[in-house]
Amino acid sequence: MDSAGGFARSSIGRKVIMASTGVILVVYVIGHMIGNLQVYGGPEGINAYGKFLHTFIHGQAIWVARIVLLTAVLLHIWSATSLTLTSRKARGIGYREQKWKESTYASRTMRWGGVIILLFVIYHILHFTTGTVHPDFVPGDVYHNFVAGFRVVPVSIVYIVAMIALGLHLRHGVWSMFQTLGVSHPRYIGAAHVLAWVIAIAVTVGNISFPLAVLAGVVK
Amino acid sequence: MKLTLRIWRQKDAKSKGAFVTYTAEADEEMSFLEMLDVVNEGLIQRGEEPIAFDHDCREGICGTCGFVINGRAHGPRERTTVCQLHMRSFQDGDTLTLEPWRADAFPVLKDLVVDRGAFDRIIAAGGFIASAIGGAPDANAIPIRKENADLSMDAAACIGCGACVAACPNAAAMLFVSAKMGHLAMLPQGQPERMDRARAMVAQMDAEGFGTCTNHGECEAACPKAIRMEFIGRMNADYVKASLTGGRRAAGSEGGSG
């Protein structure tokens with residue numbers, strides 16, 4: 001077997017690290033969105049769900065999840081940064097003119113889109129997890145925090161913009177995972193593109209519905 | 001037809017280059033390189049240095065020619081090398097910007113000519129079958145599934161022109177390397193060294209300073225031989241497998257069965 005260091009230094013090795021941590025993060029954002037749909041059922045459901053997440057396996061489960069996610073995020077950022085630097089270095093002198101044929105807006109905004117998502121995640125944790133930047137945070141009352149948080153229009157706008165960035169990232173990222181991990185048989189590659197669209201739209205629409213529902217008074 | 005050409009002129013590898021504007025007269029029937037030949041004749045008559053560009057067969061099969069025309073490797077036509085591109089693809093009065101392939105792994109030698117030795121070194125690292133097999137074997141002496149033979153031929157169509165690197169926003173060489181690995185990986189003759197080949201060629205690709213693929217797809221759009229990105233997927237799978245197993249099965253302590 002190759003040394004793990006050799007694999008992690010190689011171009012494809014770093015891509016595989018990015019893709020496999022991406023799988024963890026994609027599964028997480030889907031679960032996160034589905035879990036939050038419980039706000040449409042009123043305060044009891046979502047508050048009980050929040051309590052469950054905090055107390056499952058004597059409160060250990062949430063820390064396991066946090067450690068796994070933090071590790072995945074750090075490796076994802078490390079591989080993305082490292083690969084970006086390699087690619088930047090590979091073309092010292094650029095073109096005077098370059099026209100795109102097959103790349104998409106989503107594929108060309110992966111890097112800065114990722115930076116936007118990172119900044120949003122930091123804000124999101126300070127907003128709804130620690131309550132540091134929340135105007136009226138009540139620990140344990142998920143429903144109240146949710147409604148009070150999204151009533152602030154600029155905050156809702158930040159969330160909506162961030163979710164569009166996340167949707168674009170998922171659109172290119174999900175199919176890229178299949179390609180990078182080598183599961184891109186021509187028979188299934190069409191399905192990978194469809195899956196990327198479905199996940200990107202479902203997560204974006206689901207998440208954007210939350211601030212909109214609060215602003216529209218559907219959830220109050 | 002009259003054209004304005006903005007061409008990258010660079011005296012040698014060490015000099016700093018710049019764009020120089022020329023006017024050209026061309027017929028629709030001319031190939032792009034014939035149009036440049038006429039421009040060069042004019043330059044030679046005036047005692048100026050002709051524009052250097054790589055070319056050889058002018059039949060679209062050798063992979064020697066290639067530069068970027070208006071932001072597209074090999075110009076605007078799909079599945080066409082620049083030697084097979086004809087002036088009928090352009091309009092009278094067009095302004096065309098001609099640039100060499102841009103990648104640090106392909107240093108510019110002169111004008112539109114780049115050094116693609118990096119590709120040769122990747123092939124030398126493992127893009128071949130080591131055992132001598134004598135003359136061409138009889139067809140069908142080794143049964144090969146039709147689909148695999150076709151896929152192998154698709155990959156083997158790579159002429160190593162470098163357009164994939166030139167078109168890639170990351171200056172990555174993964175389409176080329178995956179084609180050169182893929183055509184052997186599809187055939188029985190390529191199996192014994194398949195895993196060693198994957199590691200050696202990727203290591204050489206990285207050492208040459210190419211960028212890294214982000215799955216944009218610009219390479220397959222620019223490829224004059226229409227080689228598909230699925231070969232990159234296959235290369236990724238082979239590389240992961242090769243890295244995990246080291247390309248070899250561990251021998252048992254008893255050794256092989258005699």
# chains A, B, ... in the order shown; residues from 1 in each chain; ligands from 1

$ interface_residues --of "chain A" --to "chain B" --cutoff "6 Å" --atoms "only C-alpha atoms" --output "PDB file with N, CA and C atoms, in the first residue's frame"
ATOM      1  N   MET A   1       0.835  -1.198   0.000  1.00  0.00           N
ATOM      2  CA  MET A   1       0.000   0.000   0.000  1.00  0.00           C
ATOM      3  C   MET A   1       0.870   1.248   0.000  1.00  0.00           C
ATOM      4  N   ASP A   2       0.379   2.245  -0.716  1.00  0.00           N
ATOM      5  CA  ASP A   2       1.056   3.538  -0.732  1.00  0.00           C
ATOM      6  C   ASP A   2       1.024   4.156   0.651  1.00  0.00           C
ATOM      7  N   THR A  86      -2.693  24.601  -6.516  1.00  0.00           N
ATOM      8  CA  THR A  86      -2.010  23.841  -7.569  1.00  0.00           C
ATOM      9  C   THR A  86      -2.456  24.315  -8.949  1.00  0.00           C
ATOM     10  N   SER A  87      -3.757  24.498  -9.104  1.00  0.00           N
ATOM     11  CA  SER A  87      -4.284  24.902 -10.415  1.00  0.00           C
ATOM     12  C   SER A  87      -3.881  26.325 -10.772  1.00  0.00           C
ATOM     13  N   ALA A  90      -0.522  26.333 -12.081  1.00  0.00           N
ATOM     14  CA  ALA A  90      -0.348  25.619 -13.351  1.00  0.00           C
ATOM     15  C   ALA A  90      -0.529  26.522 -14.560  1.00  0.00           C
ATOM     16  N   ARG A  91      -1.090  27.715 -14.376  1.00  0.00           N
ATOM     17  CA  ARG A  91      -1.209  28.637 -15.505  1.00  0.00           C
ATOM     18  C   ARG A  91      -0.787  30.026 -15.059  1.00  0.00           C
ATOM     19  N   GLU A  97      -8.141  35.976 -24.131  1.00  0.00           N
ATOM     20  CA  GLU A  97      -9.551  35.670 -24.355  1.00  0.00           C
ATOM     21  C   GLU A  97      -9.780  34.215 -24.024  1.00  0.00           C
ATOM     22  N   GLN A  98     -10.839  33.902 -23.312  1.00  0.00           N
ATOM     23  CA  GLN A  98     -11.183  32.502 -23.069  1.00  0.00           C
ATOM     24  C   GLN A  98     -12.700  32.366 -23.084  1.00  0.00           C
ATOM     25  N   LYS A  99     -13.198  31.486 -23.938  1.00  0.00           N
ATOM     26  CA  LYS A  99     -14.647  31.291 -24.045  1.00  0.00           C
ATOM     27  C   LYS A  99     -15.024  29.936 -23.464  1.00  0.00           C
ATOM     28  N   GLU A 102     -18.546  24.216 -22.121  1.00  0.00           N
ATOM     29  CA  GLU A 102     -19.271  23.172 -21.406  1.00  0.00           C
ATOM     30  C   GLU A 102     -19.361  23.445 -19.907  1.00  0.00           C
ATOM     31  N   SER A 103     -18.469  24.288 -19.384  1.00  0.00           N
ATOM     32  CA  SER A 103     -18.525  24.574 -17.951  1.00  0.00           C
ATOM     33  C   SER A 103     -19.790  25.391 -17.663  1.00  0.00           C
ATOM     34  N   SER A 107     -20.216  25.435 -11.912  1.00  0.00           N
ATOM     35  CA  SER A 107     -18.869  24.851 -11.833  1.00  0.00           C
ATOM     36  C   SER A 107     -17.810  25.938 -11.677  1.00  0.00           C
ATOM     37  N   GLN A 179     -18.039  11.520 -10.283  1.00  0.00           N
ATOM     38  CA  GLN A 179     -16.953  11.513 -11.258  1.00  0.00           C
ATOM     39  C   GLN A 179     -15.613  11.297 -10.558  1.00  0.00           C
ATOM     40  N   GLY A 182     -14.923   7.973  -9.216  1.00  0.00           N
ATOM     41  CA  GLY A 182     -14.810   6.964 -10.262  1.00  0.00           C
ATOM     42  C   GLY A 182     -16.060   6.133 -10.458  1.00  0.00           C
ATOM     43  N   SER A 184     -18.545   6.795 -12.380  1.00  0.00           N
ATOM     44  CA  SER A 184     -19.186   7.593 -13.416  1.00  0.00           C
ATOM     45  C   SER A 184     -19.328   6.801 -14.707  1.00  0.00           C
TER      46      SER A 184
END

$ residues_around --residues "segment 119-131 of chain B" --least-positions-apart "4" --cutoff "6 Å" --atoms "only C-alpha atoms" --output "short mmCIF file (atom, residue, chain, number, x, y, z; two decimals) with all heavy atoms, in the first residue's frame"
data_model
loop_
_atom_site.label_atom_id
_atom_site.label_comp_id
_atom_site.auth_asym_id
_atom_site.auth_seq_id
_atom_site.Cartn_x
_atom_site.Cartn_y
_atom_site.Cartn_z
N ARG B 197 0.91 1.32 -13.63
CA ARG B 197 0.81 2.37 -14.65
C ARG B 197 0.01 3.57 -14.09
O ARG B 197 0.41 4.72 -14.26
CB ARG B 197 0.13 1.82 -15.89
CG ARG B 197 -0.10 2.86 -16.99
CD ARG B 197 -0.82 2.27 -18.20
NE ARG B 197 -0.09 1.12 -18.71
CZ ARG B 197 -0.57 -0.12 -18.79
NH1 ARG B 197 -1.82 -0.37 -18.42
NH2 ARG B 197 0.17 -1.09 -19.25
N ALA B 200 2.20 5.48 -11.63
CA ALA B 200 3.37 6.12 -12.24
C ALA B 200 2.96 7.32 -13.10
O ALA B 200 3.59 8.38 -13.06
CB ALA B 200 4.14 5.10 -13.07
N MET B 201 1.89 7.15 -13.89
CA MET B 201 1.50 8.23 -14.80
C MET B 201 0.92 9.42 -14.04
O MET B 201 1.18 10.57 -14.37
CB MET B 201 0.52 7.72 -15.86
CG MET B 201 1.19 6.77 -16.85
SD MET B 201 0.07 6.16 -18.13
CE MET B 201 -0.01 7.57 -19.24
N GLN B 204 3.78 11.29 -12.44
CA GLN B 204 4.50 12.12 -13.41
C GLN B 204 3.67 13.35 -13.80
O GLN B 204 4.19 14.46 -13.92
CB GLN B 204 4.85 11.29 -14.65
CG GLN B 204 5.80 12.00 -15.61
CD GLN B 204 7.16 12.29 -14.97
OE1 GLN B 204 7.68 11.47 -14.22
NE2 GLN B 204 7.73 13.46 -15.25
#

$ select_by_dssp --residues "segment 112-193 of chain A" --states "helix (DSSP H, G or I)" --output "VMD selection string"
chain A and resid 112 to 129 142 to 150 153 to 180 186 to 193

$ residues_around --residues "Gly206 of chain A" --least-positions-apart "4" --cutoff "8 Å" --atoms "only C-alpha atoms" --output "ChimeraX atom specification"
/A:33-34,37,202,210

$ write_last_selection --atoms "C-alpha atoms" --output "CSV table (one decimal), in the first residue's frame"
chain,number,residue,atom,x,y,z
A,33,MET,CA,-33.3,20.5,5.8
A,34,ILE,CA,-35.7,17.5,6.4
A,37,LEU,CA,-39.4,20.9,8.0
A,202,ALA,CA,-34.7,20.2,-2.8
A,210,PHE,CA,-38.2,28.7,6.2

$ closest_residue --among "A:Ile189, A:Val142, A:Val16, A:Ile157" --to "Gln38 of chain A" --atoms "only C-alpha atoms"
A:Val142

$ residues_around --residues "segment 143-156 of chain A" --least-positions-apart "3" --cutoff "6 Å" --atoms "only C-alpha atoms" --output "list in words"
Pro43, Phe137, Tyr159, Pro211 and Leu215 of chain A

$ write_last_selection --atoms "C-alpha atoms" --output "short mmCIF file (atom, residue, chain, number, x, y, z; two decimals), in the first residue's frame"
data_model
loop_
_atom_site.label_atom_id
_atom_site.label_comp_id
_atom_site.auth_asym_id
_atom_site.auth_seq_id
_atom_site.Cartn_x
_atom_site.Cartn_y
_atom_site.Cartn_z
CA PRO A 43 -43.55 24.32 18.35
CA PHE A 137 -32.26 33.70 22.00
CA TYR A 159 -30.09 33.11 4.61
CA PRO A 211 -37.41 32.47 6.24
CA LEU A 215 -41.88 36.60 6.82
#

$ select_by_dssp --residues "segment 60-137 of chain B" --states "strand (DSSP E or B)" --output "short mmCIF file (atom, residue, chain, number, x, y, z; two decimals) with N, CA, C and O atoms, in the first residue's frame"
data_model
loop_
_atom_site.label_atom_id
_atom_site.label_comp_id
_atom_site.auth_asym_id
_atom_site.auth_seq_id
_atom_site.Cartn_x
_atom_site.Cartn_y
_atom_site.Cartn_z
N VAL B 68 -4.78 28.66 -29.66
CA VAL B 68 -6.11 29.14 -29.24
C VAL B 68 -6.56 30.27 -30.16
O VAL B 68 -5.81 31.22 -30.41
N ILE B 69 -7.75 30.13 -30.75
CA ILE B 69 -8.32 31.16 -31.61
C ILE B 69 -9.54 31.75 -30.90
O ILE B 69 -10.48 31.01 -30.60
N ARG B 72 -10.78 29.83 -27.89
CA ARG B 72 -11.11 28.41 -28.01
C ARG B 72 -9.93 27.64 -28.58
O ARG B 72 -9.37 28.02 -29.61
N ALA B 73 -9.58 26.55 -27.90
CA ALA B 73 -8.48 25.70 -28.38
C ALA B 73 -8.87 25.08 -29.72
O ALA B 73 -9.98 24.55 -29.85
N HIS B 86 -11.26 25.40 -41.60
CA HIS B 86 -11.18 26.18 -42.83
C HIS B 86 -11.73 27.58 -42.64
O HIS B 86 -12.49 27.84 -41.71
N THR B 95 -12.02 39.79 -36.49
CA THR B 95 -10.75 39.97 -35.77
C THR B 95 -10.50 38.69 -34.99
O THR B 95 -11.36 38.25 -34.21
N LEU B 96 -9.33 38.09 -35.22
CA LEU B 96 -9.03 36.81 -34.56
C LEU B 96 -7.81 36.97 -33.66
O LEU B 96 -6.79 37.51 -34.07
N THR B 97 -7.96 36.50 -32.42
CA THR B 97 -6.85 36.54 -31.47
C THR B 97 -6.23 35.14 -31.40
O THR B 97 -6.92 34.18 -31.08
N LEU B 98 -4.95 35.05 -31.71
CA LEU B 98 -4.25 33.76 -31.72
C LEU B 98 -3.25 33.72 -30.56
O LEU B 98 -2.35 34.55 -30.48
N GLU B 99 -3.44 32.73 -29.69
CA GLU B 99 -2.56 32.60 -28.53
C GLU B 99 -2.03 31.18 -28.44
O GLU B 99 -2.72 30.23 -28.84
N ALA B 103 -0.04 27.02 -20.30
CA ALA B 103 0.12 26.18 -19.10
C ALA B 103 1.60 26.22 -18.76
O ALA B 103 2.44 26.19 -19.66
N PHE B 106 3.61 23.62 -20.22
CA PHE B 106 3.85 23.75 -21.67
C PHE B 106 4.52 25.10 -21.93
O PHE B 106 3.87 26.03 -22.43
N VAL B 108 6.20 28.25 -23.57
CA VAL B 108 6.22 28.75 -24.94
C VAL B 108 7.68 28.77 -25.41
O VAL B 108 8.56 29.30 -24.74
N LEU B 109 7.92 28.17 -26.58
CA LEU B 109 9.27 28.17 -27.15
C LEU B 109 9.44 29.35 -28.08
O LEU B 109 10.48 30.01 -28.10
N LYS B 110 8.39 29.61 -28.89
CA LYS B 110 8.44 30.73 -29.82
C LYS B 110 7.02 30.97 -30.34
O LYS B 110 6.34 30.00 -30.71
N VAL B 113 4.31 28.29 -30.63
CA VAL B 113 4.87 26.94 -30.42
C VAL B 113 5.16 26.73 -28.93
O VAL B 113 5.84 27.54 -28.31
N VAL B 114 4.62 25.64 -28.38
CA VAL B 114 4.90 25.31 -26.99
C VAL B 114 5.63 23.97 -26.92
O VAL B 114 5.54 23.15 -27.83
#

$ residues_around --residues "Phe32 of chain B" --least-positions-apart "2" --cutoff "6 Å" --atoms "only C-alpha atoms" --output "list in words"
Glu34, Met35, Leu85, His86 and Met87 of chain B

$ atom_distance --atom1 "atom CA of Asp141 of chain A" --atom2 "atom CA of Ala48 of chain A"
9.4 Å

$ atom_distance --atom1 "atom CA of Arg145 of chain B" --atom2 "atom CA of Gln191 of chain B"
14.6 Å

$ residues_around --residues "Leu69 of chain A" --least-positions-apart "4" --cutoff "10 Å" --atoms "only C-alpha atoms" --output "list in words"
Thr21, Ile24, Leu25, Tyr28, Trp63, Val64, Ala65, Val73, Leu74 and Leu75 of chain A

$ residues_around --residues "segment 22-29 of chain B" --least-positions-apart "6" --cutoff "12 Å" --atoms "only C-alpha atoms" --output "VMD selection string"
chain B and resid 1 to 9 35 to 43 50 to 51 84 to 98

$ write_last_selection --atoms "N, CA, C and O atoms" --output "CSV table (one decimal), in the first residue's frame"
chain,number,residue,atom,x,y,z
B,1,MET,N,-11.6,37.2,-48.5
B,1,MET,CA,-12.0,37.9,-47.2
B,1,MET,C,-10.8,38.5,-46.5
B,1,MET,O,-9.7,38.0,-46.6
B,2,LYS,N,-11.1,39.6,-45.8
B,2,LYS,CA,-10.1,40.3,-45.1
B,2,LYS,C,-10.2,40.0,-43.6
B,2,LYS,O,-11.3,40.0,-43.0
B,3,LEU,N,-9.1,39.8,-42.9
B,3,LEU,CA,-9.1,39.5,-41.5
B,3,LEU,C,-8.1,40.4,-40.8
B,3,LEU,O,-7.1,40.8,-41.3
B,4,THR,N,-8.4,40.6,-39.5
B,4,THR,CA,-7.4,41.3,-38.6
B,4,THR,C,-6.9,40.2,-37.6
B,4,THR,O,-7.8,39.5,-37.0
B,5,LEU,N,-5.6,40.0,-37.6
B,5,LEU,CA,-5.1,38.9,-36.7
B,5,LEU,C,-4.3,39.6,-35.6
B,5,LEU,O,-3.4,40.4,-35.8
B,6,ARG,N,-4.6,39.2,-34.3
B,6,ARG,CA,-3.8,39.6,-33.2
B,6,ARG,C,-3.1,38.4,-32.7
B,6,ARG,O,-3.7,37.5,-32.2
B,7,ILE,N,-1.8,38.4,-33.0
B,7,ILE,CA,-1.0,37.1,-32.7
B,7,ILE,C,0.0,37.3,-31.7
B,7,ILE,O,0.7,38.3,-31.6
B,8,TRP,N,0.1,36.3,-30.8
B,8,TRP,CA,1.1,36.4,-29.8
B,8,TRP,C,2.5,36.1,-30.4
B,8,TRP,O,2.8,35.1,-31.0
B,9,ARG,N,3.4,37.1,-30.3
B,9,ARG,CA,4.8,37.0,-30.8
B,9,ARG,C,5.7,36.9,-29.6
B,9,ARG,O,5.6,37.8,-28.7
B,35,MET,N,-3.8,30.0,-44.5
B,35,MET,CA,-4.0,31.4,-44.4
B,35,MET,C,-2.7,32.0,-43.7
B,35,MET,O,-2.2,33.0,-44.1
B,36,LEU,N,-2.3,31.3,-42.6
B,36,LEU,CA,-1.1,31.8,-41.9
B,36,LEU,C,0.2,31.6,-42.8
B,36,LEU,O,1.1,32.5,-42.7
B,37,ASP,N,0.2,30.6,-43.7
B,37,ASP,CA,1.3,30.5,-44.6
B,37,ASP,C,1.4,31.7,-45.5
B,37,ASP,O,2.6,32.2,-45.8
B,38,VAL,N,0.3,32.2,-46.0
B,38,VAL,CA,0.3,33.4,-46.8
B,38,VAL,C,0.8,34.6,-46.1
B,38,VAL,O,1.6,35.4,-46.6
B,39,VAL,N,0.3,34.7,-44.8
B,39,VAL,CA,0.8,35.8,-44.0
B,39,VAL,C,2.3,35.8,-43.8
B,39,VAL,O,3.0,36.8,-44.0
B,40,ASN,N,2.8,34.5,-43.6
B,40,ASN,CA,4.2,34.4,-43.4
B,40,ASN,C,5.0,34.7,-44.7
B,40,ASN,O,6.1,35.2,-44.6
B,41,GLU,N,4.5,34.3,-45.8
B,41,GLU,CA,5.2,34.7,-47.1
B,41,GLU,C,5.4,36.2,-47.2
B,41,GLU,O,6.4,36.7,-47.6
B,42,GLY,N,4.3,36.9,-46.9
B,42,GLY,CA,4.4,38.4,-46.9
B,42,GLY,C,5.4,38.9,-45.9
B,42,GLY,O,6.2,39.8,-46.2
B,43,LEU,N,5.5,38.3,-44.7
B,43,LEU,CA,6.5,38.7,-43.7
B,43,LEU,C,7.9,38.4,-44.2
B,43,LEU,O,8.8,39.2,-44.0
B,50,PRO,N,9.0,35.3,-39.8
B,50,PRO,CA,7.6,34.7,-39.9
B,50,PRO,C,7.1,34.2,-38.6
B,50,PRO,O,7.8,34.0,-37.6
B,51,ILE,N,5.8,34.0,-38.5
B,51,ILE,CA,5.1,33.6,-37.3
B,51,ILE,C,5.3,32.0,-37.1
B,51,ILE,O,5.0,31.3,-38.1
B,84,GLN,N,-7.4,21.4,-39.8
B,84,GLN,CA,-8.6,21.0,-40.5
B,84,GLN,C,-9.7,22.0,-40.4
B,84,GLN,O,-10.8,21.8,-40.9
B,85,LEU,N,-9.4,23.1,-39.8
B,85,LEU,CA,-10.3,24.2,-39.7
B,85,LEU,C,-10.2,25.1,-41.0
B,85,LEU,O,-9.1,25.4,-41.4
B,86,HIS,N,-11.3,25.4,-41.6
B,86,HIS,CA,-11.2,26.2,-42.8
B,86,HIS,C,-11.7,27.6,-42.6
B,86,HIS,O,-12.5,27.8,-41.7
B,87,MET,N,-11.3,28.5,-43.6
B,87,MET,CA,-11.6,29.9,-43.4
B,87,MET,C,-13.1,30.1,-43.5
B,87,MET,O,-13.6,31.2,-43.2
B,88,ARG,N,-13.8,29.2,-44.1
B,88,ARG,CA,-15.3,29.3,-44.2
B,88,ARG,C,-16.0,29.4,-42.9
B,88,ARG,O,-17.2,29.7,-42.8
B,89,SER,N,-15.2,29.0,-41.8
B,89,SER,CA,-15.8,29.0,-40.5
B,89,SER,C,-15.8,30.5,-39.9
B,89,SER,O,-16.2,30.7,-38.8
B,90,PHE,N,-15.2,31.4,-40.7
B,90,PHE,CA,-15.1,32.8,-40.2
B,90,PHE,C,-15.8,33.7,-41.2
B,90,PHE,O,-16.1,33.3,-42.4
B,91,GLN,N,-16.0,35.0,-40.8
B,91,GLN,CA,-16.6,36.0,-41.6
B,91,GLN,C,-15.6,37.0,-42.1
B,91,GLN,O,-14.6,37.2,-41.4
B,92,ASP,N,-15.9,37.6,-43.2
B,92,ASP,CA,-15.1,38.7,-43.7
B,92,ASP,C,-15.1,39.8,-42.7
B,92,ASP,O,-16.2,40.1,-42.1
B,93,GLY,N,-13.9,40.3,-42.4
B,93,GLY,CA,-13.9,41.4,-41.4
B,93,GLY,C,-13.6,41.0,-40.0
B,93,GLY,O,-13.5,41.8,-39.1
B,94,ASP,N,-13.6,39.7,-39.7
B,94,ASP,CA,-13.4,39.2,-38.4
B,94,ASP,C,-12.0,39.6,-37.8
B,94,ASP,O,-11.1,39.7,-38.5
B,95,THR,N,-12.0,39.8,-36.5
B,95,THR,CA,-10.8,40.0,-35.8
B,95,THR,C,-10.5,38.7,-35.0
B,95,THR,O,-11.4,38.3,-34.2
B,96,LEU,N,-9.3,38.1,-35.2
B,96,LEU,CA,-9.0,36.8,-34.6
B,96,LEU,C,-7.8,37.0,-33.7
B,96,LEU,O,-6.8,37.5,-34.1
B,97,THR,N,-8.0,36.5,-32.4
B,97,THR,CA,-6.8,36.5,-31.5
B,97,THR,C,-6.2,35.1,-31.4
B,97,THR,O,-6.9,34.2,-31.1
B,98,LEU,N,-5.0,35.1,-31.7
B,98,LEU,CA,-4.2,33.8,-31.7
B,98,LEU,C,-3.3,33.7,-30.6
B,98,LEU,O,-2.3,34.6,-30.5

$ closest_residue --among "A:Val68, A:Ala19, A:Leu83, A:Leu118" --to "His172 of chain A" --atoms "only C-alpha atoms"
A:Ala19

$ atom_distance --atom1 "atom CA of Val161 of chain A" --atom2 "atom CA of Asn207 of chain A"
10.9 Å

$ decode --residues "segment 140-146 of chain B" --atoms "all heavy atoms" --output "CSV table (one decimal), in the first residue's frame"
chain,number,residue,atom,x,y,z
B,140,ASN,N,-8.5,-11.3,-33.4
B,140,ASN,CA,-9.3,-12.3,-32.7
B,140,ASN,C,-8.6,-13.4,-32.1
B,140,ASN,O,-9.2,-14.4,-31.6
B,140,ASN,CB,-10.4,-12.8,-33.6
B,140,ASN,CG,-11.3,-11.7,-34.1
B,140,ASN,OD1,-11.5,-10.7,-33.5
B,140,ASN,ND2,-11.8,-11.9,-35.3
B,141,ALA,N,-7.2,-13.3,-32.1
B,141,ALA,CA,-6.4,-14.4,-31.4
B,141,ALA,C,-6.7,-14.3,-29.9
B,141,ALA,O,-6.8,-15.3,-29.2
B,141,ALA,CB,-5.0,-14.2,-31.7
B,142,ILE,N,-6.9,-13.1,-29.4
B,142,ILE,CA,-7.3,-12.9,-28.0
B,142,ILE,C,-8.7,-12.4,-28.0
B,142,ILE,O,-9.0,-11.3,-28.6
B,142,ILE,CB,-6.4,-11.9,-27.3
B,142,ILE,CG1,-4.9,-12.4,-27.4
B,142,ILE,CG2,-6.8,-11.8,-25.8
B,142,ILE,CD1,-4.0,-11.3,-26.9
B,143,PRO,N,-9.7,-13.1,-27.5
B,143,PRO,CA,-11.1,-12.6,-27.5
B,143,PRO,C,-11.2,-11.4,-26.6
B,143,PRO,O,-10.7,-11.3,-25.5
B,143,PRO,CB,-11.9,-13.8,-26.9
B,143,PRO,CG,-11.0,-14.9,-26.8
B,143,PRO,CD,-9.6,-14.4,-26.8
B,144,ILE,N,-11.8,-10.3,-27.2
B,144,ILE,CA,-12.0,-9.1,-26.5
B,144,ILE,C,-13.4,-8.6,-26.7
B,144,ILE,O,-13.9,-8.7,-27.9
B,144,ILE,CB,-11.0,-7.9,-26.9
B,144,ILE,CG1,-9.6,-8.4,-26.7
B,144,ILE,CG2,-11.3,-6.6,-26.2
B,144,ILE,CD1,-8.6,-7.4,-27.3
B,145,ARG,N,-14.1,-8.3,-25.7
B,145,ARG,CA,-15.5,-7.9,-25.8
B,145,ARG,C,-15.6,-6.7,-26.7
B,145,ARG,O,-14.8,-5.7,-26.6
B,145,ARG,CB,-16.0,-7.5,-24.4
B,145,ARG,CG,-17.4,-7.7,-24.2
B,145,ARG,CD,-17.7,-7.6,-22.7
B,145,ARG,NE,-19.2,-7.5,-22.6
B,145,ARG,CZ,-19.8,-6.4,-22.2
B,145,ARG,NH1,-19.1,-5.3,-21.9
B,145,ARG,NH2,-21.1,-6.4,-22.2
B,146,LYS,N,-16.5,-6.7,-27.6
B,146,LYS,CA,-16.7,-5.6,-28.6
B,146,LYS,C,-16.7,-4.2,-28.0
B,146,LYS,O,-16.1,-3.3,-28.4
B,146,LYS,CB,-18.0,-5.9,-29.4
B,146,LYS,CG,-18.4,-4.8,-30.3
B,146,LYS,CD,-17.5,-4.7,-31.5
B,146,LYS,CE,-18.2,-3.7,-32.5
B,146,LYS,NZ,-17.2,-2.7,-33.0
